[in-house]
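With mmCIF, C-alpha atoms (C1' of nucleotides) inside, this is structure_6.cif:
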```cif
data_protein
#
loop_
_atom_site.label_atom_id
_atom_site.label_comp_id
_atom_site.auth_asym_id
_atom_site.auth_seq_id
_atom_site.Cartn_x
_atom_site.Cartn_y
_atom_site.Cartn_z
CA MET A 1 51.32 81.80 109.40
CA ALA A 2 49.41 78.75 108.23
CA ASP A 3 52.18 77.83 105.80
CA ALA A 4 54.89 77.75 108.40
CA GLN A 5 54.34 74.07 109.12
CA ALA A 6 54.43 73.18 105.43
CA ARG A 7 57.54 75.23 104.87
CA PHE A 8 59.24 73.60 107.83
CA GLU A 9 58.45 70.14 106.51
CA ALA A 10 59.80 71.08 103.11
CA LEU A 11 63.04 72.23 104.72
CA ALA A 12 63.28 69.11 106.87
CA ASP A 13 62.63 66.81 103.94
CA ARG A 14 65.21 68.58 101.85
CA VAL A 15 67.86 68.36 104.56
CA ARG A 16 67.21 64.66 105.07
CA GLU A 17 67.10 63.89 101.37
CA GLU A 18 70.47 65.51 100.92
CA GLY A 19 71.92 63.12 103.43
CA HIS A 20 72.14 65.46 106.38
CA ARG A 21 71.03 64.68 109.89
CA LEU A 22 67.98 66.11 111.51
CA THR A 23 69.16 67.21 114.90
CA PRO A 24 66.95 68.93 117.46
CA GLN A 25 68.87 72.16 117.02
CA ARG A 26 68.38 72.10 113.27
CA VAL A 27 64.73 71.28 113.62
CA ALA A 28 64.21 74.17 115.98
CA LEU A 29 66.12 76.57 113.75
CA MET A 30 64.20 75.49 110.67
CA ARG A 31 60.95 76.01 112.53
CA LEU A 32 62.07 79.51 113.41
CA LEU A 33 63.01 80.27 109.83
CA ALA A 34 59.76 78.85 108.51
CA SER A 35 57.67 80.95 110.87
CA SER A 36 59.68 84.15 110.60
CA GLU A 37 57.82 86.99 109.05
CA GLY A 38 60.78 89.34 108.98
CA HIS A 39 64.41 88.86 108.09
CA PRO A 40 66.17 87.73 111.25
CA SER A 41 69.90 87.95 111.77
CA ALA A 42 72.00 85.07 113.01
CA ALA A 43 72.03 86.69 116.43
CA ASP A 44 68.25 87.02 116.41
CA LEU A 45 67.88 83.34 115.67
CA TYR A 46 70.50 82.52 118.26
CA ASP A 47 68.58 84.39 120.93
CA GLN A 48 65.38 82.61 120.05
CA LEU A 49 67.08 79.24 119.91
CA ARG A 50 68.55 79.60 123.36
CA ALA A 51 65.06 79.75 124.79
CA GLN A 52 64.72 76.08 123.82
CA PHE A 53 68.36 75.00 123.89
CA PRO A 54 70.25 77.09 126.42
CA THR A 55 73.59 75.54 125.50
CA THR A 56 73.31 76.19 121.79
CA SER A 57 76.30 77.89 120.24
CA LEU A 58 76.21 80.75 117.81
CA ALA A 59 78.48 78.66 115.62
CA THR A 60 75.71 76.11 115.28
CA VAL A 61 73.36 78.77 114.02
CA TYR A 62 75.85 79.80 111.37
CA LYS A 63 76.59 76.22 110.40
CA THR A 64 72.92 75.44 109.96
CA LEU A 65 72.30 78.64 108.03
CA ASN A 66 75.19 77.87 105.74
CA LEU A 67 73.88 74.37 105.21
CA LEU A 68 70.47 75.68 104.21
CA LYS A 69 72.07 78.37 102.12
CA ASP A 70 74.08 75.76 100.22
CA LEU A 71 70.86 73.91 99.55
CA ASP A 72 69.36 77.15 98.23
CA GLU A 73 66.69 77.03 100.88
CA VAL A 74 67.52 80.28 102.61
CA LEU A 75 68.47 83.58 101.08
CA GLU A 76 71.31 85.42 102.76
CA LEU A 77 71.18 89.18 102.66
CA GLY A 78 74.53 90.76 103.38
CA PHE A 79 74.81 94.46 104.02
CA GLY A 80 78.19 96.08 104.31
CA HIS A 81 78.16 97.32 107.87
CA ASP A 82 75.36 95.41 109.54
CA ASP A 83 75.17 91.70 110.12
CA ASN A 84 73.53 89.43 107.60
CA ARG A 85 69.83 88.77 107.46
CA TYR A 86 68.17 85.56 106.39
CA ASP A 87 64.99 84.74 104.56
CA GLY A 88 63.88 81.14 104.86
CA ASN A 89 60.59 81.52 103.09
CA ARG A 90 61.62 82.98 99.76
CA PRO A 91 65.01 81.52 98.84
CA ASP A 92 65.09 83.04 95.36
CA PRO A 93 66.42 86.54 94.74
CA HIS A 94 63.79 89.21 95.15
CA PRO A 95 63.71 92.95 95.86
CA HIS A 96 64.04 94.29 99.37
CA LEU A 97 63.18 97.59 100.93
CA ILE A 98 65.32 98.53 103.92
CA CYS A 99 64.64 101.29 106.41
CA VAL A 100 68.00 102.75 107.35
CA ARG A 101 66.58 104.01 110.63
CA CYS A 102 64.81 101.02 112.17
CA ARG A 103 66.46 98.37 109.99
CA LYS A 104 63.10 96.96 109.01
CA ILE A 105 63.23 94.90 105.83
CA THR A 106 60.15 94.42 103.68
CA HIS A 107 59.21 93.24 100.22
CA PRO A 108 58.26 96.05 97.86
CA ASP A 109 56.10 95.44 94.85
CA VAL A 110 58.39 95.99 91.88
CA GLY A 111 56.79 94.58 88.79
CA ALA A 112 59.44 96.04 86.51
CA ALA A 113 62.09 93.95 88.25
CA GLN A 114 60.91 90.82 86.52
CA GLY A 115 63.27 89.65 83.84
CA LEU A 116 66.01 92.13 84.58
CA ALA A 117 68.53 89.38 85.22
CA GLU A 118 67.66 87.63 81.96
CA GLN A 119 68.01 90.89 80.10
CA VAL A 120 71.46 91.51 81.56
CA ALA A 121 72.49 87.93 80.85
CA GLN A 122 71.61 88.26 77.17
CA GLN A 123 73.31 91.59 76.71
CA SER A 124 76.46 90.71 78.61
CA GLY A 125 77.01 87.05 77.89
CA TYR A 126 77.34 86.41 81.61
CA GLN A 127 76.06 83.19 83.08
CA MET A 128 73.75 84.57 85.75
CA ILE A 129 73.95 83.17 89.23
CA SER A 130 72.11 85.61 91.39
CA HIS A 131 71.22 89.23 91.81
CA ARG A 132 70.28 91.83 94.35
CA LEU A 133 67.78 94.63 94.15
CA ASP A 134 67.71 96.63 97.35
CA PHE A 135 66.17 99.97 98.13
CA TYR A 136 67.33 102.03 101.10
CA GLY A 137 65.13 104.67 102.58
CA ILE A 138 63.21 105.88 105.60
CA CYS A 139 59.92 104.18 106.31
CA PRO A 140 56.78 106.21 106.97
CA ASP A 141 56.90 105.41 110.68
CA CYS A 142 60.43 106.71 111.06
CA GLN A 143 59.64 109.77 108.96
CA GLN A 144 56.85 110.57 111.39
CA LYS A 145 59.08 110.13 114.39
CA ALA A 146 61.68 112.43 112.86
CA THR A 147 59.07 115.15 112.39
CA GLU A 148 57.52 114.96 115.83
CA PRO A 149 58.60 117.65 118.34
CA GLU A 150 61.05 115.38 120.10
CA SER A 151 59.61 112.30 121.63
CA GLU A 152 63.04 110.99 122.58
CA ASP A 153 66.62 111.55 121.63
CA SER A 154 67.10 112.09 117.95
CA VAL A 155 68.75 109.64 115.62
CA SER A 156 72.38 110.20 114.76
CA SER A 157 73.10 108.89 111.30
CA ALA A 158 72.19 106.27 108.74
CA MET B 1 90.86 109.12 80.44
CA ALA B 2 90.82 112.74 79.38
CA ASP B 3 88.24 113.45 82.06
CA ALA B 4 90.39 112.24 84.90
CA GLN B 5 91.92 115.63 85.44
CA ALA B 6 88.55 117.35 85.42
CA ARG B 7 87.11 114.84 87.80
CA PHE B 8 90.05 115.23 90.12
CA GLU B 9 89.63 118.99 90.18
CA ALA B 10 85.94 118.62 90.92
CA LEU B 11 86.79 116.38 93.86
CA ALA B 12 89.48 118.72 95.12
CA ASP B 13 87.25 121.76 94.84
CA ARG B 14 84.46 120.01 96.66
CA VAL B 15 86.72 118.93 99.51
CA ARG B 16 88.12 122.40 99.90
CA GLU B 17 84.73 124.08 99.69
CA GLU B 18 83.44 121.87 102.46
CA GLY B 19 86.19 123.17 104.68
CA HIS B 20 88.48 120.18 104.57
CA ARG B 21 92.19 120.35 103.97
CA LEU B 22 93.90 119.29 100.81
CA THR B 23 96.76 117.16 101.97
CA PRO B 24 99.17 115.44 99.60
CA GLN B 25 97.77 112.07 100.58
CA ARG B 26 94.25 113.17 99.79
CA VAL B 27 95.31 114.71 96.51
CA ALA B 28 97.04 111.52 95.47
CA LEU B 29 94.10 109.37 96.46
CA MET B 30 91.65 111.58 94.64
CA ARG B 31 93.80 111.40 91.54
CA LEU B 32 93.76 107.64 91.77
CA LEU B 33 90.00 107.58 92.15
CA ALA B 34 89.50 109.99 89.29
CA SER B 35 91.64 107.95 86.95
CA SER B 36 90.41 104.50 88.00
CA GLU B 37 88.61 102.62 85.31
CA GLY B 38 87.60 99.74 87.53
CA HIS B 39 86.29 99.58 91.06
CA PRO B 40 89.32 99.47 93.34
CA SER B 41 89.23 98.27 96.91
CA ALA B 42 90.73 100.19 99.81
CA ALA B 43 93.68 97.82 99.72
CA ASP B 44 94.15 98.41 95.98
CA LEU B 45 94.27 102.13 96.53
CA TYR B 46 96.58 101.68 99.50
CA ASP B 47 99.05 99.71 97.39
CA GLN B 48 99.03 102.35 94.70
CA LEU B 49 99.36 105.15 97.21
CA ARG B 50 102.39 103.62 98.83
CA ALA B 51 104.27 103.98 95.58
CA GLN B 52 104.16 107.72 96.15
CA PHE B 53 103.90 107.85 99.93
CA PRO B 54 105.62 104.83 101.42
CA THR B 55 104.56 105.72 104.94
CA THR B 56 100.88 106.11 104.17
CA SER B 57 98.59 104.20 106.45
CA LEU B 58 95.65 102.11 105.41
CA ALA B 59 93.64 104.07 107.94
CA THR B 60 94.26 107.21 105.95
CA VAL B 61 92.84 105.56 102.87
CA TYR B 62 89.70 104.63 104.75
CA LYS B 63 89.41 108.05 106.31
CA THR B 64 89.67 109.76 102.95
CA LEU B 65 87.25 107.37 101.33
CA ASN B 66 84.76 107.98 104.11
CA LEU B 67 85.18 111.69 103.74
CA LEU B 68 84.44 111.52 100.02
CA LYS B 69 81.62 109.12 100.66
CA ASP B 70 80.04 111.54 103.11
CA LEU B 71 80.24 114.23 100.43
CA ASP B 72 78.51 111.83 98.02
CA GLU B 73 81.51 111.94 95.74
CA VAL B 74 82.36 108.27 95.83
CA LEU B 75 80.03 105.30 95.73
CA GLU B 76 80.84 102.51 98.13
CA LEU B 77 79.97 99.02 97.01
CA GLY B 78 79.84 96.59 99.89
CA PHE B 79 79.63 92.88 99.29
CA GLY B 80 79.05 90.54 102.16
CA HIS B 81 82.23 88.51 102.17
CA ASP B 82 84.67 90.52 100.07
CA ASP B 83 86.07 93.92 100.86
CA ASN B 84 84.33 97.03 99.65
CA ARG B 85 84.90 98.55 96.24
CA TYR B 86 84.79 102.23 95.41
CA ASP B 87 83.66 104.19 92.39
CA GLY B 88 84.91 107.77 92.31
CA ASN B 89 83.59 108.60 88.89
CA ARG B 90 79.93 107.78 89.19
CA PRO B 91 78.84 108.59 92.72
CA ASP B 92 75.15 107.99 92.07
CA PRO B 93 73.60 104.54 92.40
CA HIS B 94 73.80 102.52 89.24
CA PRO B 95 73.67 98.83 88.31
CA HIS B 96 76.73 96.62 88.59
CA LEU B 97 77.63 93.30 87.06
CA ILE B 98 80.02 91.23 89.14
CA CYS B 99 81.92 88.16 87.99
CA VAL B 100 82.07 85.82 90.94
CA ARG B 101 85.18 84.15 89.51
CA CYS B 102 87.56 86.98 88.66
CA ARG B 103 85.79 89.65 90.75
CA LYS B 104 85.59 91.97 87.79
CA ILE B 105 82.95 94.66 88.17
CA THR B 106 81.39 96.29 85.13
CA HIS B 107 78.44 98.46 84.26
CA PRO B 108 75.68 96.59 82.45
CA ASP B 109 73.19 98.38 80.26
CA VAL B 110 69.89 98.07 82.10
CA GLY B 111 67.43 100.49 80.64
CA ALA B 112 64.56 99.06 82.63
CA ALA B 113 66.30 100.03 85.86
CA GLN B 114 65.48 103.69 85.36
CA GLY B 115 62.82 104.94 87.68
CA LEU B 116 62.62 101.81 89.78
CA ALA B 117 63.49 103.70 92.94
CA GLU B 118 60.85 106.34 92.26
CA GLN B 119 58.30 103.63 91.66
CA VAL B 120 59.09 101.95 94.96
CA ALA B 121 59.06 105.29 96.77
CA GLN B 122 55.58 106.06 95.55
CA GLN B 123 54.15 102.66 96.33
CA SER B 124 55.75 102.35 99.74
CA GLY B 125 55.79 105.88 101.10
CA TYR B 126 59.47 105.50 101.88
CA GLN B 127 61.78 108.46 101.54
CA MET B 128 64.36 107.00 99.19
CA ILE B 129 68.00 107.43 100.01
CA SER B 130 69.80 104.99 97.81
CA HIS B 131 69.53 101.66 96.10
CA ARG B 132 71.56 98.77 94.78
CA LEU B 133 71.08 96.73 91.65
CA ASP B 134 73.76 94.08 91.37
CA PHE B 135 74.00 91.06 89.14
CA TYR B 136 76.26 88.15 89.99
CA GLY B 137 77.43 85.77 87.32
CA ILE B 138 80.34 84.33 85.43
CA CYS B 139 81.84 86.49 82.72
CA PRO B 140 82.46 85.10 79.21
CA ASP B 141 86.22 84.94 79.82
CA CYS B 142 85.83 82.85 82.94
CA GLN B 143 83.26 80.63 81.27
CA GLN B 144 85.81 79.93 78.56
CA LYS B 145 88.54 79.15 81.00
CA ALA B 146 86.28 76.74 82.86
CA THR B 147 85.61 74.84 79.63
CA GLU B 148 89.15 74.66 78.31
CA PRO B 149 91.14 71.44 78.89
CA GLU B 150 93.43 73.12 81.41
CA SER B 151 95.62 75.83 79.96
CA GLU B 152 97.18 76.77 83.26
CA ASP B 153 96.26 76.76 86.87
CA SER B 154 92.85 78.23 87.36
CA VAL B 155 92.40 81.72 88.63
CA SER B 156 91.82 82.26 92.30
CA SER B 157 91.06 85.91 92.76
CA ALA B 158 91.55 89.29 91.23
"C1'" DA C 1 72.55 47.76 121.20
"C1'" DA C 2 76.82 48.75 118.73
"C1'" DT C 3 79.32 51.32 115.20
"C1'" DT C 4 80.13 54.87 112.34
"C1'" DT C 5 80.32 59.38 111.35
"C1'" DA C 6 78.23 63.85 111.07
"C1'" DT C 7 77.16 67.44 114.24
"C1'" DG C 8 77.21 70.47 118.48
"C1'" DG C 9 79.61 73.38 121.61
"C1'" DA C 10 83.27 76.37 123.46
"C1'" DT C 11 86.73 79.04 122.12
"C1'" DA C 12 90.34 80.81 119.19
"C1'" DA C 13 91.21 82.75 114.77
"C1'" DT C 14 90.28 85.70 110.80
"C1'" DG C 15 89.99 89.87 108.31
"C1'" DA C 16 88.05 94.20 106.91
"C1'" DT C 17 87.15 98.41 108.96
"C1'" DT C 18 87.34 101.75 112.78
"C1'" DC C 19 89.33 103.88 116.82
"C1'" DT C 20 93.02 106.06 119.49
"C1'" DC C 21 96.15 109.56 120.29
"C1'" DG C 22 100.50 111.83 119.91
"C1'" DA C 23 103.13 114.06 116.12
"C1'" DA C 24 103.15 116.52 111.93
"C1'" DG C 25 101.56 119.58 108.61
"C1'" DA C 26 97.87 122.67 105.99
"C1'" DC C 27 96.07 127.07 105.77
"C1'" DG C 28 94.60 131.53 107.25
"C1'" DA C 29 96.25 135.68 109.77
"C1'" DC C 30 99.74 138.79 110.59
"C1'" DG D 1 107.28 134.68 104.71
"C1'" DT D 2 106.39 133.17 109.38
"C1'" DC D 3 103.41 131.68 113.13
"C1'" DG D 4 99.82 129.40 115.45
"C1'" DT D 5 95.90 126.66 115.44
"C1'" DC D 6 93.41 122.88 114.46
"C1'" DT D 7 92.77 119.25 111.22
"C1'" DT D 8 94.90 115.22 109.57
"C1'" DC D 9 98.41 111.52 109.48
"C1'" DG D 10 100.34 107.27 110.95
"C1'" DA D 11 101.01 102.98 113.62
"C1'" DG D 12 98.99 99.88 116.03
"C1'" DA D 13 95.25 98.31 118.97
"C1'" DA D 14 90.39 97.39 119.03
"C1'" DT D 15 85.99 95.84 117.12
"C1'" DC D 16 82.74 92.67 115.42
"C1'" DA D 17 80.55 89.38 112.40
"C1'" DT D 18 81.73 85.18 110.67
"C1'" DT D 19 84.79 80.85 110.37
"C1'" DA D 20 87.80 77.43 111.83
"C1'" DT D 21 89.27 74.03 115.25
"C1'" DC D 22 88.75 69.99 117.77
"C1'" DC D 23 86.76 66.79 120.67
"C1'" DA D 24 82.65 64.96 123.00
"C1'" DT D 25 78.05 63.66 121.72
"C1'" DA D 26 74.37 61.89 119.46
"C1'" DA D 27 71.84 60.45 114.72
"C1'" DA D 28 71.10 56.96 111.70
"C1'" DT D 29 72.01 52.34 109.96
"C1'" DT D 30 72.80 47.49 110.85
#
```
Could you render the structure from this file as structure tokens?
Amino acid sequence: MADAQARFEALADRVREEGHRLTPQRVALMRLLASSEGHPSAADLYDQLRAQFPTTSLATVYKTLNLLKDLDEVLELGFGHDDNRYDGNRPDPHPHLICVRCRKITHPDVGAAQGLAEQVAQQSGYQMISHRLDFYGICPDCQQKATEPESEDSVSSA
Amino acid sequence: MADAQARFEALADRVREEGHRLTPQRVALMRLLASSEGHPSAADLYDQLRAQFPTTSLATVYKTLNLLKDLDEVLELGFGHDDNRYDGNRPDPHPHLICVRCRKITHPDVGAAQGLAEQVAQQSGYQMISHRLDFYGICPDCQQKATEPESEDSVSSA
DNA sequence: AATTTATGGATAATGATTCTCGAAGACGAC
DNA sequence: GTCGTCTTCGAGAATCATTATCCATAAATT
């Protein structure tokens, strides 16, 4: 996480340059986003924020996330049922690999995904804005757990 | 839509074989799904259903859609903000092209998308369950409308 | 330091989807 | 064809993530 500081400063600069205020809550949230390895949800960030600012509201988290999203500095990942996840380190569309058991989200290596959007744009005449490439499966860890005799109660559904 | 009848019968047979009852509401909804060109939402289907069954409940639509979804006979497309869309003709994952203006959903021709899931499965060790490949853009029609002087009031939603 | 104005916080509102549960009806058995 | 059982329907309440509201507070500029 040596880049976290640099990423945070980039976010802070961007927010200020766009004429928005740098409040302590925003600073803290941007630090969290910049240092997040995974893909936290708004509630995750809220929980972490409250450690520093006990009176912070969940609404503030959403407002800040939406601000950064409008600036194209965070990528919002919406899944039908579950709550949204946010990626503050790679704001541009990229493939995701989701474990339907433990909800872990990682970045698969999908070389063939390069240029897909451009290809579709040419063939369809659409003006491309964004895209999603998500794979849903069961991660090796969860596969193992499912095979084991019965360490705990079994999982219900995906 | 000469296949609509065949598709409907396939759905009906499947439901019956799985030990579920064929109620008039389900029959009507399956006919709608089988004959739908586009990707209707639950509310769309509800509106159409009420023409035949004025007392039908929206809950029934959802229950039937979930039943068919569990049988892998309809594909549910969930988008963060908007309501879900359903495809009763192609239940297997396939790419979609969404116009963010008029909400139209079409099927782009993406040859390179073949085998992506298998590739990710091999590299990651995940047991693949499903995937999504969605492109968001502005369709040619909506691009045109945006450029024109101002023919009418602009479109809000589909 | 004062002024202006965006922002934070608490809570209500929104809206799609699911749950609840009594009534009705589908389907197999007779 | 009729009956009985057990699924399914229907109407509305409940859920839950996200937004909207609205005023007190504090950031930035002078």
Is it possible to get the residues within 9 Å of (88.2, 105.2, 112.6) (coordinates as in the file, counting all atoms listed in the file) written as a VMD selection string? (chain B and resid 59 62 to 63) or (chain C and resid 17 to 20)
Residues within 9 Å of Pro24 (chain B), all atoms listed in the file, excluding chain neighbours under 4 positions, as a PyMOL selection string: chain B and resi 28-29+53
Counting only C-alpha atoms (C1' of nucleotides), which residues from chain C have an atom at most 8 Å from any atom of chain B, and could you show them as a list of chain:residue names? C:DA16, C:DT17, C:DA26, C:DC27
Output the contact residues of chain B with respect to chain A at a cut-off of 8 Å, based on all atoms listed in the file, as a VMD selection string. chain B and resid 78 to 80 84 108 to 110 112 to 113 116 to 117 119 to 120 123 to 140 143
Can you state the RMSD, in Å, between chain A and chain B once they are superposed by least squares on every Cα paired in order? 1.6 Å
Up to 12 Å from chain A, what residues of chain D turn up? Count all atoms listed in the file and give them as a PDB file with C-alpha atoms (C1' of nucleotides), in the coordinates of the input.
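Okay, selection-v7.pdb is ready:
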```pdb
ATOM      1  C1'  DC D  16      82.740  92.670 115.420  1.00  0.00           C
ATOM      2  C1'  DA D  17      80.550  89.380 112.400  1.00  0.00           C
ATOM      3  C1'  DT D  18      81.730  85.180 110.670  1.00  0.00           C
ATOM      4  C1'  DT D  19      84.790  80.850 110.370  1.00  0.00           C
ATOM      5  C1'  DA D  20      87.800  77.430 111.830  1.00  0.00           C
ATOM      6  C1'  DT D  21      89.270  74.030 115.250  1.00  0.00           C
ATOM      7  C1'  DT D  25      78.050  63.660 121.720  1.00  0.00           C
ATOM      8  C1'  DA D  26      74.370  61.890 119.460  1.00  0.00           C
ATOM      9  C1'  DA D  27      71.840  60.450 114.720  1.00  0.00           C
ATOM     10  C1'  DA D  28      71.100  56.960 111.700  1.00  0.00           C
TER      11       DA D  28
END
```
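Separating CA of Gln25 (chain A) from CA of Ser41 (chain A) is a distance of 16.7 Å.
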Show me, as a compact mmCIF listing (two decimals) with C-alpha atoms, in the frame of the given file, the residues that have an atom within 6 Å of region 34-40 of chain B when counting only C-alpha atoms (C1' of nucleotides), minus same-chain residues fewer than 5 positions from it.
```
# COMPACT_ATOMS: atom_id res chain seq x y z
CA ALA B 4 90.39 112.24 84.90
CA ARG B 7 87.11 114.84 87.80
CA PHE B 8 90.05 115.23 90.12
CA ARG B 85 84.90 98.55 96.24
CA TYR B 86 84.79 102.23 95.41
CA ASP B 87 83.66 104.19 92.39
CA GLY B 88 84.91 107.77 92.31
```
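All residues of protein, DNA or RNA that reach within 7 Å of region 5-9 of chain C, judged by only C-alpha atoms (C1' of nucleotides) and not counting those fewer than 4 positions away in the chain, are A:Thr56, A:Ser57, A:Thr60.
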Between CA of Cys102 (chain A) and CA of Lys145 (chain A), what is the distance, to one decimal in Å? 11.0 Å
Hits from the PyMOL selection byres ((chain B and resi 72) around 12), listed as a list of chain:residue names: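 With the PyMOL selection byres ((chain B and resi 72) around 12) on this model, the match is B:Leu11, B:Arg14, B:Val15, B:Leu65, B:Asn66, B:Leu67, B:Leu68, B:Lys69, B:Asp70, B:Leu71, B:Glu73, B:Val74, B:Leu75, B:Glu76, B:Tyr86, B:Asp87, B:Gly88, B:Asn89, B:Arg90, B:Pro91, B:Asp92, B:Pro93, B:Ile129, B:Ser130.
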Atom pair CA of Asp3 (chain A) / CA of Asp47 (chain A): separation (Å):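 A separation of 23.3 Å between them.
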Near-DA24 (chain C) list (12 Å; all atoms listed in the file; drop same-chain fewer than 3 positions) as a PDB file with C-alpha atoms (C1' of nucleotides), in the frame of the given file:
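Result went into out-v2.pdb, see below:
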```pdb
ATOM      1  CA  THR B  23      96.760 117.160 101.970  1.00  0.00           C
TER       2      THR B  23
ATOM      3  C1'  DC D   6      93.410 122.880 114.460  1.00  0.00           C
ATOM      4  C1'  DT D   7      92.770 119.250 111.220  1.00  0.00           C
ATOM      5  C1'  DT D   8      94.900 115.220 109.570  1.00  0.00           C
ATOM      6  C1'  DC D   9      98.410 111.520 109.480  1.00  0.00           C
ATOM      7  C1'  DG D  10     100.340 107.270 110.950  1.00  0.00           C
TER       8       DG D  10
END
```
Carefully work through the PyMOL selection byres ((chain C and resi 29) around 12) for this structure and note down the residues it includes, as a list in words. DC27, DG28 and DC30 of chain C; DT2, DC3, DG4 and DT5 of chain D
Find the axis-aligned box for region 110-123 of chain B, covering all its listed atoms and adding 8 Å on each side, and write its centre and edge lengths in Å to one decimal as lines of an AutoDock Vina configuration file.
```
center_x = 62.0
center_y = 102.2
center_z = 88.7
size_x = 31.7
size_y = 24.3
size_z = 32.1
```
